[in-house]
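Structure file final-v1.txt with compact mmCIF, C-alpha atoms and all ligand atoms:
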```txt
# COMPACT_ATOMS: atom_id res chain seq x y z
CA MET A 1 -19.18 4.58 25.18
CA LYS A 2 -18.27 1.05 24.08
CA ASN A 3 -15.08 0.24 22.23
CA LYS A 4 -15.11 -2.72 19.84
CA GLN A 5 -11.57 -4.01 19.23
CA VAL A 6 -9.83 -6.64 17.09
CA LEU A 7 -7.00 -8.62 18.77
CA LEU A 8 -4.43 -11.02 17.36
CA ALA A 9 -5.60 -14.47 18.56
CA SER A 10 -2.97 -16.64 16.85
CA ARG A 11 -0.19 -16.35 14.28
CA PRO A 12 -1.03 -17.65 10.79
CA SER A 13 1.01 -20.27 9.03
CA GLY A 14 0.47 -19.62 5.33
CA TRP A 15 -2.79 -17.83 4.48
CA VAL A 16 -4.50 -15.70 7.13
CA SER A 17 -7.91 -16.95 8.38
CA LEU A 18 -10.65 -15.47 10.58
CA ASP A 19 -9.46 -17.77 13.42
CA ASN A 20 -6.34 -15.61 13.73
CA PHE A 21 -8.48 -12.75 15.14
CA THR A 22 -10.76 -12.16 18.16
CA VAL A 23 -13.30 -9.35 18.41
CA THR A 24 -13.94 -7.98 21.94
CA GLU A 25 -15.82 -5.05 23.44
CA GLY A 26 -14.63 -2.88 26.34
CA GLU A 27 -15.04 0.57 27.88
CA VAL A 28 -13.40 3.71 26.48
CA GLY A 29 -10.69 5.08 28.82
CA GLU A 30 -9.70 8.65 29.76
CA PRO A 31 -6.63 10.26 28.13
CA GLY A 32 -3.74 10.98 30.56
CA ASP A 33 -1.19 13.82 30.50
CA GLY A 34 -0.02 14.55 26.94
CA GLU A 35 -2.52 12.03 25.55
CA VAL A 36 -5.41 12.34 23.10
CA LEU A 37 -8.63 10.32 22.79
CA VAL A 38 -9.57 9.77 19.13
CA ARG A 39 -12.84 8.49 17.64
CA ASN A 40 -11.54 6.38 14.77
CA ILE A 41 -13.45 7.00 11.54
CA PHE A 42 -11.49 5.06 8.87
CA MET A 43 -8.66 2.54 9.16
CA SER A 44 -6.39 1.14 6.51
CA VAL A 45 -5.55 -2.52 5.94
CA ASP A 46 -2.20 -2.99 4.18
CA PRO A 47 -0.05 -5.88 2.93
CA TYR A 48 2.77 -5.14 5.45
CA MET A 49 0.40 -6.25 8.26
CA ARG A 50 0.83 -9.85 7.10
CA GLY A 51 4.56 -9.64 7.96
CA ARG A 52 3.75 -8.15 11.38
CA MET A 53 1.59 -11.20 12.20
CA ASN A 54 4.78 -13.34 12.15
CA ASP A 55 7.06 -13.39 15.19
CA VAL A 56 10.17 -12.25 13.31
CA LYS A 57 12.55 -9.31 13.51
CA SER A 58 11.84 -6.73 10.80
CA TYR A 59 11.80 -2.97 10.23
CA VAL A 60 8.67 -2.80 12.45
CA PRO A 61 8.04 -4.96 15.55
CA PRO A 62 5.60 -7.88 15.23
CA PHE A 63 1.99 -7.62 16.47
CA GLN A 64 1.67 -9.23 19.91
CA LEU A 65 -0.68 -12.12 20.70
CA GLY A 66 -3.74 -11.00 22.71
CA GLU A 67 -3.17 -7.32 21.87
CA VAL A 68 -5.13 -4.91 19.67
CA LEU A 69 -3.72 -4.83 16.12
CA GLN A 70 -2.35 -1.51 14.86
CA ALA A 71 -3.29 0.36 11.68
CA GLY A 72 -3.10 3.72 9.99
CA VAL A 73 -6.25 5.57 11.08
CA VAL A 74 -7.97 8.90 10.45
CA GLY A 75 -10.24 10.10 13.20
CA GLU A 76 -11.71 12.98 15.15
CA VAL A 77 -10.35 14.15 18.49
CA VAL A 78 -12.84 13.63 21.33
CA ALA A 79 -10.62 14.92 24.18
CA SER A 80 -7.06 16.21 24.24
CA ASN A 81 -4.41 16.84 26.92
CA PHE A 82 -1.81 17.65 24.27
CA GLU A 83 -0.99 21.23 23.32
CA GLY A 84 -1.65 21.93 19.64
CA ILE A 85 -4.38 19.29 19.22
CA ALA A 86 -7.95 20.21 20.16
CA GLU A 87 -11.35 18.54 20.39
CA GLY A 88 -12.88 18.30 16.89
CA ASP A 89 -9.54 18.22 15.02
CA HIS A 90 -9.14 15.58 12.31
CA VAL A 91 -5.92 13.64 12.84
CA THR A 92 -4.05 10.65 11.46
CA GLY A 93 -1.62 8.22 13.07
CA MET A 94 -0.83 4.58 13.88
CA LEU A 95 -3.76 3.68 16.13
CA GLY A 96 -5.71 0.48 16.69
CA TRP A 97 -8.22 -1.82 14.98
CA GLU A 98 -10.82 -0.32 17.32
CA ASN A 99 -13.51 2.38 17.55
CA TYR A 100 -11.61 4.63 19.99
CA SER A 101 -7.87 4.95 20.61
CA ILE A 102 -5.84 6.81 23.23
CA CYS A 103 -2.32 7.79 22.26
CA ASP A 104 0.51 10.22 22.91
CA GLY A 105 -0.41 13.42 21.03
CA SER A 106 3.10 13.72 19.58
CA LEU A 107 2.41 10.60 17.49
CA LEU A 108 -0.57 12.20 15.73
CA ARG A 109 -0.53 14.48 12.67
CA LYS A 110 -3.29 16.99 11.99
CA LEU A 111 -4.72 16.45 8.52
CA PRO A 112 -3.77 19.08 5.94
CA GLN A 113 -6.51 21.30 4.44
CA SER A 114 -8.00 19.48 1.45
CA SER A 115 -11.36 19.11 -0.23
CA ALA A 116 -10.75 15.34 -0.54
CA PRO A 117 -12.81 12.87 1.55
CA LEU A 118 -11.22 11.93 4.90
CA SER A 119 -10.54 8.32 3.86
CA TRP A 120 -8.28 9.51 1.02
CA HIS A 121 -5.66 10.48 3.64
CA LEU A 122 -5.09 6.73 4.08
CA GLY A 123 -4.69 6.18 0.33
CA ILE A 124 -3.83 8.60 -2.41
CA LEU A 125 -2.96 11.39 0.08
CA GLY A 126 -1.46 8.98 2.62
CA MET A 127 1.10 6.22 2.93
CA PRO A 128 0.35 4.37 -0.36
CA GLY A 129 0.55 7.57 -2.42
CA MET A 130 3.76 8.57 -0.66
CA THR A 131 5.19 5.11 -1.36
CA ALA A 132 4.46 5.49 -5.07
CA TYR A 133 6.22 8.86 -5.18
CA VAL A 134 9.27 7.81 -3.15
CA GLY A 135 9.80 4.61 -5.15
CA LEU A 136 9.31 6.16 -8.57
CA MET A 137 11.02 9.52 -8.09
CA LYS A 138 13.67 8.99 -5.39
CA ILE A 139 14.58 5.29 -5.68
CA ALA A 140 14.15 4.57 -9.41
CA GLU A 141 14.83 8.21 -10.38
CA ALA A 142 12.29 8.03 -13.22
CA LYS A 143 12.50 10.70 -15.90
CA ALA A 144 10.49 11.76 -18.96
CA GLU A 145 10.31 9.18 -21.75
CA ASP A 146 11.31 6.27 -19.51
CA GLN A 147 9.49 2.99 -20.17
CA VAL A 148 7.98 2.09 -16.76
CA PHE A 149 6.50 -1.27 -15.70
CA VAL A 150 4.45 -1.69 -12.49
CA SER A 151 3.24 -4.96 -10.91
CA ALA A 152 0.04 -5.01 -8.78
CA ALA A 153 -0.65 -1.96 -10.91
CA SER A 154 -4.31 -1.38 -10.06
CA GLY A 155 -3.77 -1.41 -6.27
CA ALA A 156 -3.34 1.43 -3.79
CA VAL A 157 0.34 2.02 -4.61
CA GLY A 158 0.40 0.83 -8.22
CA SER A 159 -2.50 3.01 -9.38
CA VAL A 160 -0.64 6.11 -8.16
CA VAL A 161 2.72 5.01 -9.64
CA GLY A 162 1.17 4.79 -13.11
CA GLN A 163 -0.45 8.22 -12.87
CA LEU A 164 2.73 9.87 -11.54
CA ALA A 165 4.73 8.27 -14.36
CA LYS A 166 2.29 9.70 -16.93
CA ILE A 167 2.48 13.19 -15.35
CA LEU A 168 6.27 12.89 -15.70
CA GLY A 169 6.00 11.99 -19.40
CA CYS A 170 6.83 8.27 -19.25
CA ARG A 171 5.24 5.37 -21.11
CA VAL A 172 3.73 3.05 -18.49
CA SER A 173 2.44 -0.51 -18.47
CA GLY A 174 1.53 -2.96 -15.74
CA SER A 175 -0.04 -6.20 -14.58
CA ALA A 176 -3.10 -6.87 -12.43
CA GLY A 177 -5.24 -9.82 -11.33
CA SER A 178 -8.24 -9.64 -13.72
CA ASP A 179 -9.37 -8.27 -17.10
CA GLU A 180 -11.61 -5.76 -15.26
CA LYS A 181 -8.62 -4.43 -13.31
CA VAL A 182 -6.57 -4.20 -16.52
CA ALA A 183 -9.39 -2.17 -18.12
CA LEU A 184 -9.34 0.13 -15.08
CA LEU A 185 -5.59 0.64 -15.52
CA LYS A 186 -6.05 1.92 -19.03
CA GLU A 187 -9.40 3.70 -18.78
CA GLU A 188 -9.04 5.37 -15.39
CA PHE A 189 -5.39 5.46 -14.36
CA GLY A 190 -3.91 6.40 -17.76
CA TYR A 191 -1.76 3.28 -18.29
CA ASP A 192 -0.70 2.73 -21.92
CA ALA A 193 -0.95 -1.08 -21.69
CA GLY A 194 -1.51 -3.92 -19.25
CA PHE A 195 -2.21 -7.63 -18.88
CA SER A 196 -3.78 -10.01 -16.37
CA TYR A 197 -1.10 -12.23 -14.84
CA LYS A 198 -3.83 -14.72 -13.91
CA THR A 199 -4.89 -15.44 -17.51
CA SER A 200 -1.49 -15.00 -19.21
CA ASP A 201 -0.19 -18.29 -20.66
CA SER A 202 3.37 -16.88 -20.76
CA LEU A 203 4.40 -14.07 -18.41
CA LEU A 204 7.56 -13.56 -20.46
CA ARG A 205 5.56 -13.03 -23.66
CA SER A 206 2.91 -10.84 -21.96
CA VAL A 207 5.59 -8.49 -20.61
CA LYS A 208 7.20 -8.24 -24.05
CA GLU A 209 3.82 -7.48 -25.63
CA VAL A 210 3.02 -4.60 -23.27
CA CYS A 211 6.62 -3.27 -23.23
CA PRO A 212 7.77 -3.75 -26.85
CA ASP A 213 10.69 -1.32 -26.36
CA GLY A 214 11.82 -2.80 -23.03
CA VAL A 215 11.72 -1.46 -19.46
CA ASP A 216 13.85 1.36 -18.00
CA VAL A 217 12.10 1.42 -14.61
CA LEU A 218 10.52 -1.55 -12.85
CA PHE A 219 8.34 -0.66 -9.83
CA GLU A 220 8.19 -4.05 -8.13
CA ASN A 221 5.28 -4.87 -5.81
CA VAL A 222 4.97 -8.63 -6.32
CA GLY A 223 8.24 -10.58 -6.82
CA GLY A 224 8.41 -14.26 -7.82
CA GLU A 225 7.81 -15.39 -11.39
CA LEU A 226 6.30 -12.08 -12.46
CA MET A 227 9.43 -10.18 -11.48
CA GLU A 228 11.60 -12.80 -13.18
CA ALA A 229 9.66 -12.29 -16.43
CA VAL A 230 10.20 -8.51 -16.35
CA LEU A 231 13.96 -8.86 -15.73
CA TRP A 232 14.36 -10.24 -19.27
CA SER A 233 12.83 -7.04 -20.71
CA MET A 234 15.06 -4.64 -18.73
CA ARG A 235 17.07 -2.20 -20.82
CA ASP A 236 20.70 -1.23 -20.27
CA PHE A 237 21.16 0.89 -17.12
CA GLY A 238 17.58 0.11 -15.98
CA ARG A 239 16.51 0.82 -12.39
CA ILE A 240 14.37 -1.43 -10.17
CA ALA A 241 12.60 -0.02 -7.10
CA LEU A 242 11.82 -2.97 -4.80
CA CYS A 243 8.67 -1.85 -3.02
CA GLY A 244 7.15 -5.19 -1.96
CA MET A 245 7.01 -8.94 -2.64
CA ILE A 246 3.37 -9.79 -2.01
CA ALA A 247 3.65 -13.12 -3.88
CA ASP A 248 5.73 -14.30 -0.90
CA TYR A 249 3.79 -12.93 2.06
CA ASN A 250 1.66 -16.03 2.67
CA ALA A 251 4.33 -18.57 1.65
CA GLU A 252 5.21 -21.00 4.44
CA ALA A 253 8.91 -20.89 3.50
CA PRO A 254 10.89 -18.31 1.46
CA THR A 255 10.51 -18.91 -2.27
CA PRO A 256 13.63 -19.09 -4.50
CA GLY A 257 14.74 -15.73 -5.90
CA PRO A 258 14.27 -14.84 -9.57
CA ARG A 259 16.42 -16.83 -12.01
CA GLY A 260 18.49 -15.16 -14.73
CA MET A 261 20.21 -12.63 -12.47
CA MET A 262 23.14 -12.49 -14.92
CA VAL A 263 20.89 -10.08 -16.87
CA MET A 264 21.50 -7.58 -14.06
CA VAL A 265 25.24 -7.69 -14.72
CA GLY A 266 25.20 -7.59 -18.51
CA ARG A 267 22.65 -4.76 -18.63
CA ARG A 268 24.22 -2.80 -15.70
CA ILE A 269 20.94 -2.67 -13.74
CA THR A 270 20.51 -1.03 -10.33
CA MET A 271 18.06 -2.61 -7.85
CA ARG A 272 17.22 -0.97 -4.50
CA GLY A 273 14.72 -1.78 -1.78
CA PHE A 274 13.11 1.01 0.25
CA ILE A 275 10.72 1.70 3.13
CA VAL A 276 8.58 4.79 2.72
CA THR A 277 8.95 5.97 6.33
CA ASP A 278 12.70 6.51 5.79
CA HIS A 279 11.83 9.42 3.46
CA PRO A 280 9.74 11.97 5.42
CA GLU A 281 10.85 14.95 3.30
CA ALA A 282 9.85 13.27 0.04
CA CYS A 283 6.52 12.27 1.62
CA ALA A 284 5.76 15.90 2.55
CA GLU A 285 6.84 17.00 -0.94
CA TYR A 286 4.42 14.46 -2.44
CA VAL A 287 1.42 15.53 -0.32
CA ALA A 288 1.98 19.20 -1.24
CA LYS A 289 1.87 18.25 -4.95
CA ALA A 290 -0.88 15.64 -4.70
CA ILE A 291 -3.52 17.81 -2.95
CA PRO A 292 -3.92 20.15 -5.99
CA TRP A 293 -3.52 17.24 -8.47
CA VAL A 294 -6.39 15.42 -6.76
CA ALA A 295 -8.53 18.59 -6.68
CA GLU A 296 -7.87 19.19 -10.41
CA GLY A 297 -8.70 15.55 -11.27
CA LYS A 298 -5.14 14.85 -12.49
CA LEU A 299 -4.82 12.02 -9.96
CA LYS A 300 -7.73 9.57 -9.89
CA TYR A 301 -8.51 7.25 -7.02
CA ARG A 302 -10.59 4.13 -6.31
CA GLU A 303 -11.28 2.59 -2.92
CA THR A 304 -13.25 -0.33 -1.54
CA ILE A 305 -14.81 0.37 1.87
CA ALA A 306 -15.81 -2.37 4.33
CA GLU A 307 -18.14 -1.40 7.18
CA GLY A 308 -17.41 -1.97 10.88
CA VAL A 309 -14.26 -2.88 12.79
CA GLU A 310 -15.51 -6.48 13.19
CA ASN A 311 -15.22 -6.82 9.39
CA ALA A 312 -11.59 -5.61 9.28
CA PRO A 313 -10.15 -9.19 9.33
CA GLN A 314 -12.20 -10.14 6.24
CA ALA A 315 -11.23 -6.86 4.50
CA PHE A 316 -7.57 -7.66 5.21
CA MET A 317 -7.95 -11.17 3.74
CA ASP A 318 -9.70 -9.70 0.65
CA LEU A 319 -6.77 -7.32 0.19
CA LEU A 320 -4.23 -10.15 0.26
CA GLN A 321 -6.27 -12.24 -2.20
CA GLY A 322 -7.03 -9.43 -4.66
CA GLY A 323 -10.77 -9.41 -3.85
CA LYS A 324 -11.05 -5.61 -3.83
CA THR A 325 -10.52 -2.71 -6.22
CA GLY A 326 -8.08 0.12 -5.52
CA LYS A 327 -7.33 0.89 -1.87
CA GLN A 328 -8.96 -1.26 0.84
CA ILE A 329 -10.36 0.81 3.72
CA VAL A 330 -12.53 -0.05 6.73
CA GLN A 331 -15.09 2.48 7.98
CA LEU A 332 -15.28 2.42 11.80
CA SER A 333 -17.81 5.18 12.54
N1 LIG B 401 8.22 -0.37 0.76
C1 LIG B 401 7.26 0.31 1.33
O1 LIG B 401 7.49 1.26 2.09
C2 LIG B 401 5.83 -0.07 1.02
C3 LIG B 401 4.75 0.73 1.46
C4 LIG B 401 3.44 0.36 1.08
C5 LIG B 401 3.24 -0.81 0.35
N2 LIG B 401 4.32 -1.57 -0.01
C6 LIG B 401 4.15 -2.77 -0.82
O2 LIG B 401 3.55 -2.37 -2.05
C7 LIG B 401 2.81 -3.45 -2.58
C8 LIG B 401 1.41 -2.98 -2.94
O3 LIG B 401 0.77 -2.55 -1.74
P1 LIG B 401 -0.68 -1.87 -1.79
O4 LIG B 401 -0.93 -1.28 -0.47
O5 LIG B 401 -0.78 -1.04 -3.01
O6 LIG B 401 -1.62 -3.13 -1.94
P2 LIG B 401 -2.68 -3.40 -3.10
O7 LIG B 401 -1.95 -3.49 -4.40
O8 LIG B 401 -3.79 -2.42 -2.99
O9 LIG B 401 -3.19 -4.84 -2.70
C9 LIG B 401 -2.38 -5.95 -2.87
C10 LIG B 401 -2.68 -6.60 -4.23
O10 LIG B 401 -1.57 -7.38 -4.67
C11 LIG B 401 -2.05 -8.33 -5.61
N3 LIG B 401 -1.48 -9.65 -5.35
C12 LIG B 401 -1.64 -10.43 -4.25
N4 LIG B 401 -0.96 -11.60 -4.39
C13 LIG B 401 -0.38 -11.56 -5.62
C14 LIG B 401 0.45 -12.47 -6.34
N5 LIG B 401 0.80 -13.66 -5.84
N6 LIG B 401 0.87 -12.08 -7.56
C15 LIG B 401 0.54 -10.88 -8.09
N7 LIG B 401 -0.24 -9.98 -7.45
C16 LIG B 401 -0.69 -10.31 -6.21
C17 LIG B 401 -3.58 -8.39 -5.45
O11 LIG B 401 -4.19 -7.68 -6.53
P3 LIG B 401 -4.49 -8.38 -7.95
O12 LIG B 401 -5.95 -8.43 -8.09
O13 LIG B 401 -3.84 -7.48 -8.95
O14 LIG B 401 -3.89 -9.77 -7.92
C18 LIG B 401 -3.79 -7.63 -4.15
O15 LIG B 401 -5.04 -7.03 -4.02
C19 LIG B 401 2.86 -4.57 -1.54
O16 LIG B 401 3.89 -5.48 -1.90
C20 LIG B 401 3.23 -3.83 -0.28
O17 LIG B 401 3.85 -4.66 0.67
C21 LIG B 401 5.59 -1.22 0.32
```

Rendering of file as structure tokens:
Amino acid sequence: MKNKQVLLASRPSGWVSLDNFTVTEGEVGEPGDGEVLVRNIFMSVDPYMRGRMNDVKSYVPPFQLGEVLQAGVVGEVVASNFEGIAEGDHVTGMLGWENYSICDGSLLRKLPQSSAPLSWHLGILGMPGMTAYVGLMKIAEAKAEDQVFVSAASGAVGSVVGQLAKILGCRVSGSAGSDEKVALLKEEFGYDAGFSYKTSDSLLRSVKEVCPDGVDVLFENVGGELMEAVLWSMRDFGRIALCGMIADYNAEAPTPGPRGMMVMVGRRITMRGFIVTDHPEACAEYVAKAIPWVAEGKLKYRETIAEGVENAPQAFMDLLQGGKTGKQIVQLS
């Protein structure tokens, strides 16, 4: 069996390019004691990977030059020397941008019983869905009748935030990168209103138009000027869940923070950053709720699937540039 792999060739400065990756082919190894050999079926590309391409200290270590990149993967067990995991099981874990991975069995999780397609465990039933739930429910403490605003609203996390907010009884609006994505927000994900930040001639005015009564909860995925515009619509005692700052990820130097922070004082606003992996109990709580919601059609989901591990670098670049709809996945086998 051959194993095609994607390695980090160089660290990007600014936008990622194909030159930052090398594709190689090697043999598949044998799992040792306590290890499992997995045939990788789907892998996820995610915005946080851009940060891991830089050689900086963060909440996860950077990717190493010349090594296989890591990703969330779902796959099928080919051979196992780990008690509790058997050949044929479907598992998920942090594995590689490669066709086969060997890892310590304790780092894998067997997939829960669900009628959903396997790839959905990397999206609506996986890390992005969990992130939406943790940020909305545990960090922003959203409640019925809140006015919620979500940036990058049609993406993997944002599309779930909007639907969870509607289930809770909130009014929800958001921004996305095209008129087609804004239509998707309203027609598929149940958003009450939305606008394209790319065609808006005034972000401040667009936010006011879609949130005429102001914003109690801001679920922030983007940062920069878009976040600054929403700050001016925040209501007294509003809550901001800082999930991500994708507008900054490819910047060559940190961009200045939002202006007008005095609003935070006068309106007594709470702002808190979070990392989903710090909240395992809330993640399990979410998956238990989401499996029936997905089966009943209460939670809708869109994904874009690229084919072949050699196309993972391009899929990752598409994700960063908004050239995909919903969750970006790569099919490996
Ligand atoms: N804190 C955590 O634990 C955690 C976990 C997962 C994800 N996150 C964060 O959550 C955010 C969304 O992640 P995701 O997985 O759901 O990705 P995603 O929304 O599916 O994809 C990222 C999207 O962001 C939009 N975008 C890119 N640059 C932008 C800019 N300059 N201004 C406005 N929008 C821009 C693009 O869509 P458009 O077409 O709309 O422009 C792009 O496709 C990211 O910031 C990510 O880092 C955080």

Within 6 Å of ligand LIG 401 (chain B), counting all atoms listed in the file: which residues, as a PDB file with C-alpha atoms, keeping the file's coordinate frame?
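The resulting file, result-v3.pdb, is reproduced below:
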```
ATOM      1  CA  ASP A  46      -2.200  -2.990   4.180  1.00  0.00           C
ATOM      2  CA  PRO A  47      -0.050  -5.880   2.930  1.00  0.00           C
ATOM      3  CA  TYR A  48       2.770  -5.140   5.450  1.00  0.00           C
ATOM      4  CA  PRO A 128       0.350   4.370  -0.360  1.00  0.00           C
ATOM      5  CA  THR A 131       5.190   5.110  -1.360  1.00  0.00           C
ATOM      6  CA  ALA A 152       0.040  -5.010  -8.780  1.00  0.00           C
ATOM      7  CA  GLY A 155      -3.770  -1.410  -6.270  1.00  0.00           C
ATOM      8  CA  ALA A 156      -3.340   1.430  -3.790  1.00  0.00           C
ATOM      9  CA  VAL A 157       0.340   2.020  -4.610  1.00  0.00           C
ATOM     10  CA  GLY A 158       0.400   0.830  -8.220  1.00  0.00           C
ATOM     11  CA  ALA A 176      -3.100  -6.870 -12.430  1.00  0.00           C
ATOM     12  CA  GLY A 177      -5.240  -9.820 -11.330  1.00  0.00           C
ATOM     13  CA  ASN A 221       5.280  -4.870  -5.810  1.00  0.00           C
ATOM     14  CA  VAL A 222       4.970  -8.630  -6.320  1.00  0.00           C
ATOM     15  CA  CYS A 243       8.670  -1.850  -3.020  1.00  0.00           C
ATOM     16  CA  GLY A 244       7.150  -5.190  -1.960  1.00  0.00           C
ATOM     17  CA  MET A 245       7.010  -8.940  -2.640  1.00  0.00           C
ATOM     18  CA  ILE A 246       3.370  -9.790  -2.010  1.00  0.00           C
ATOM     19  CA  ALA A 247       3.650 -13.120  -3.880  1.00  0.00           C
ATOM     20  CA  PHE A 274      13.110   1.010   0.250  1.00  0.00           C
ATOM     21  CA  ILE A 275      10.720   1.700   3.130  1.00  0.00           C
ATOM     22  CA  VAL A 276       8.580   4.790   2.720  1.00  0.00           C
ATOM     23  CA  LEU A 319      -6.770  -7.320   0.190  1.00  0.00           C
ATOM     24  CA  LEU A 320      -4.230 -10.150   0.260  1.00  0.00           C
ATOM     25  CA  GLN A 321      -6.270 -12.240  -2.200  1.00  0.00           C
ATOM     26  CA  GLY A 322      -7.030  -9.430  -4.660  1.00  0.00           C
ATOM     27  CA  GLY A 326      -8.080   0.120  -5.520  1.00  0.00           C
ATOM     28  CA  LYS A 327      -7.330   0.890  -1.870  1.00  0.00           C
TER      29      LYS A 327
END
```

Surrounding residues of range 281-287 of chain A excluding itself and chain neighbours under 3 positions, 7 Å, only C-alpha atoms, as a list in words: Leu125, Met130, Tyr133, Val134, Ala290 and Ile291 of chain A

Serialized selection, C-alpha atoms, as a CSV table (one decimal), keeping the file's coordinate frame:
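Full text of again.csv as output:
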```
chain,number,residue,atom,x,y,z
A,125,LEU,CA,-3.0,11.4,0.1
A,130,MET,CA,3.8,8.6,-0.7
A,133,TYR,CA,6.2,8.9,-5.2
A,134,VAL,CA,9.3,7.8,-3.2
A,290,ALA,CA,-0.9,15.6,-4.7
A,291,ILE,CA,-3.5,17.8,-3.0
```

Check the smallest atom-to-atom distance from each of A:Ile269, A:Ala288, A:Leu107, A:Phe149 to Gly126 in chain A using all atoms listed in the file, then report the winner.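 With all atoms listed in the file as the atom set, the closest residue is A:Ala288.
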
Given 3 Å on each side, where is the centre and what are the edge lengths in Å to one decimal of the axis-aligned box enclosing the listed atoms of range 232-249 of chain A, as lines of an AutoDock Vina configuration file?
```
center_x = 12.3
center_y = -6.7
center_z = -9.4
size_x = 23.8
size_y = 21.2
size_z = 28.9
```

Residues near Met94 in chain A, cut-off 12 Å, only C-alpha atoms, skip fewer than 3 positions along chain, as a PyMOL selection string: chain A and resi 38+40+42-45+68-75+91+97-98+101-109+122+127

Keeping only C-alpha atoms, write those residues as a CSV table (one decimal), keeping the file's coordinate frame.
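The new file again.csv reads:
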```csv
chain,number,residue,atom,x,y,z
A,38,VAL,CA,-9.6,9.8,19.1
A,40,ASN,CA,-11.5,6.4,14.8
A,42,PHE,CA,-11.5,5.1,8.9
A,43,MET,CA,-8.7,2.5,9.2
A,44,SER,CA,-6.4,1.1,6.5
A,45,VAL,CA,-5.6,-2.5,5.9
A,68,VAL,CA,-5.1,-4.9,19.7
A,69,LEU,CA,-3.7,-4.8,16.1
A,70,GLN,CA,-2.4,-1.5,14.9
A,71,ALA,CA,-3.3,0.4,11.7
A,72,GLY,CA,-3.1,3.7,10.0
A,73,VAL,CA,-6.2,5.6,11.1
A,74,VAL,CA,-8.0,8.9,10.4
A,75,GLY,CA,-10.2,10.1,13.2
A,91,VAL,CA,-5.9,13.6,12.8
A,97,TRP,CA,-8.2,-1.8,15.0
A,98,GLU,CA,-10.8,-0.3,17.3
A,101,SER,CA,-7.9,5.0,20.6
A,102,ILE,CA,-5.8,6.8,23.2
A,103,CYS,CA,-2.3,7.8,22.3
A,104,ASP,CA,0.5,10.2,22.9
A,105,GLY,CA,-0.4,13.4,21.0
A,106,SER,CA,3.1,13.7,19.6
A,107,LEU,CA,2.4,10.6,17.5
A,108,LEU,CA,-0.6,12.2,15.7
A,109,ARG,CA,-0.5,14.5,12.7
A,122,LEU,CA,-5.1,6.7,4.1
A,127,MET,CA,1.1,6.2,2.9
```

Identify which of the residues A:Pro62, A:Gly169, A:Gly96, A:Pro12 lies closest to Ala142 in chain A, counting all atoms listed in the file when measuring atom-to-atom distances.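 Looking only at the distances to Ala142 in chain A, the closest residue turns out to be A:Gly169.
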
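Coordinates place CA of Asp89 in chain A at a distance of 11.4 Å from CA of Gln113 in chain A.
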
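The residue that comes closest to Glu141 in chain A, out of A:Ile240, A:Tyr59, A:Trp232, A:Gly88 and on the basis of only C-alpha atoms, is A:Ile240.
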
Minimum-distance residue to Ile329 in chain A, chosen among A:Ile41, A:Ser173, A:Leu65, A:Asp146 (using all atoms listed in the file): A:Ile41

Residue contacts of Arg205 in chain A (10 Å, all atoms listed in the file) excluding same-chain residues fewer than 4 positions away, as a PyMOL selection string: chain A and resi 200-201+209-211+229-230+233

So which one's closest to Lys143 in chain A, A:Met262, A:Ala116, A:Leu168, A:Val160? Using all atoms listed in the file, please.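 Using all atoms listed in the file, the shortest distance to Lys143 in chain A belongs to A:Leu168.
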
Using Å and a single decimal, report how far CA of Leu95 in chain A sits from CA of Arg11 in chain A.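 A separation of 20.4 Å between them.
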
Length of the CA of Ser178 in chain A to CA of Ser154 in chain A vector [Å]: 9.9 Å
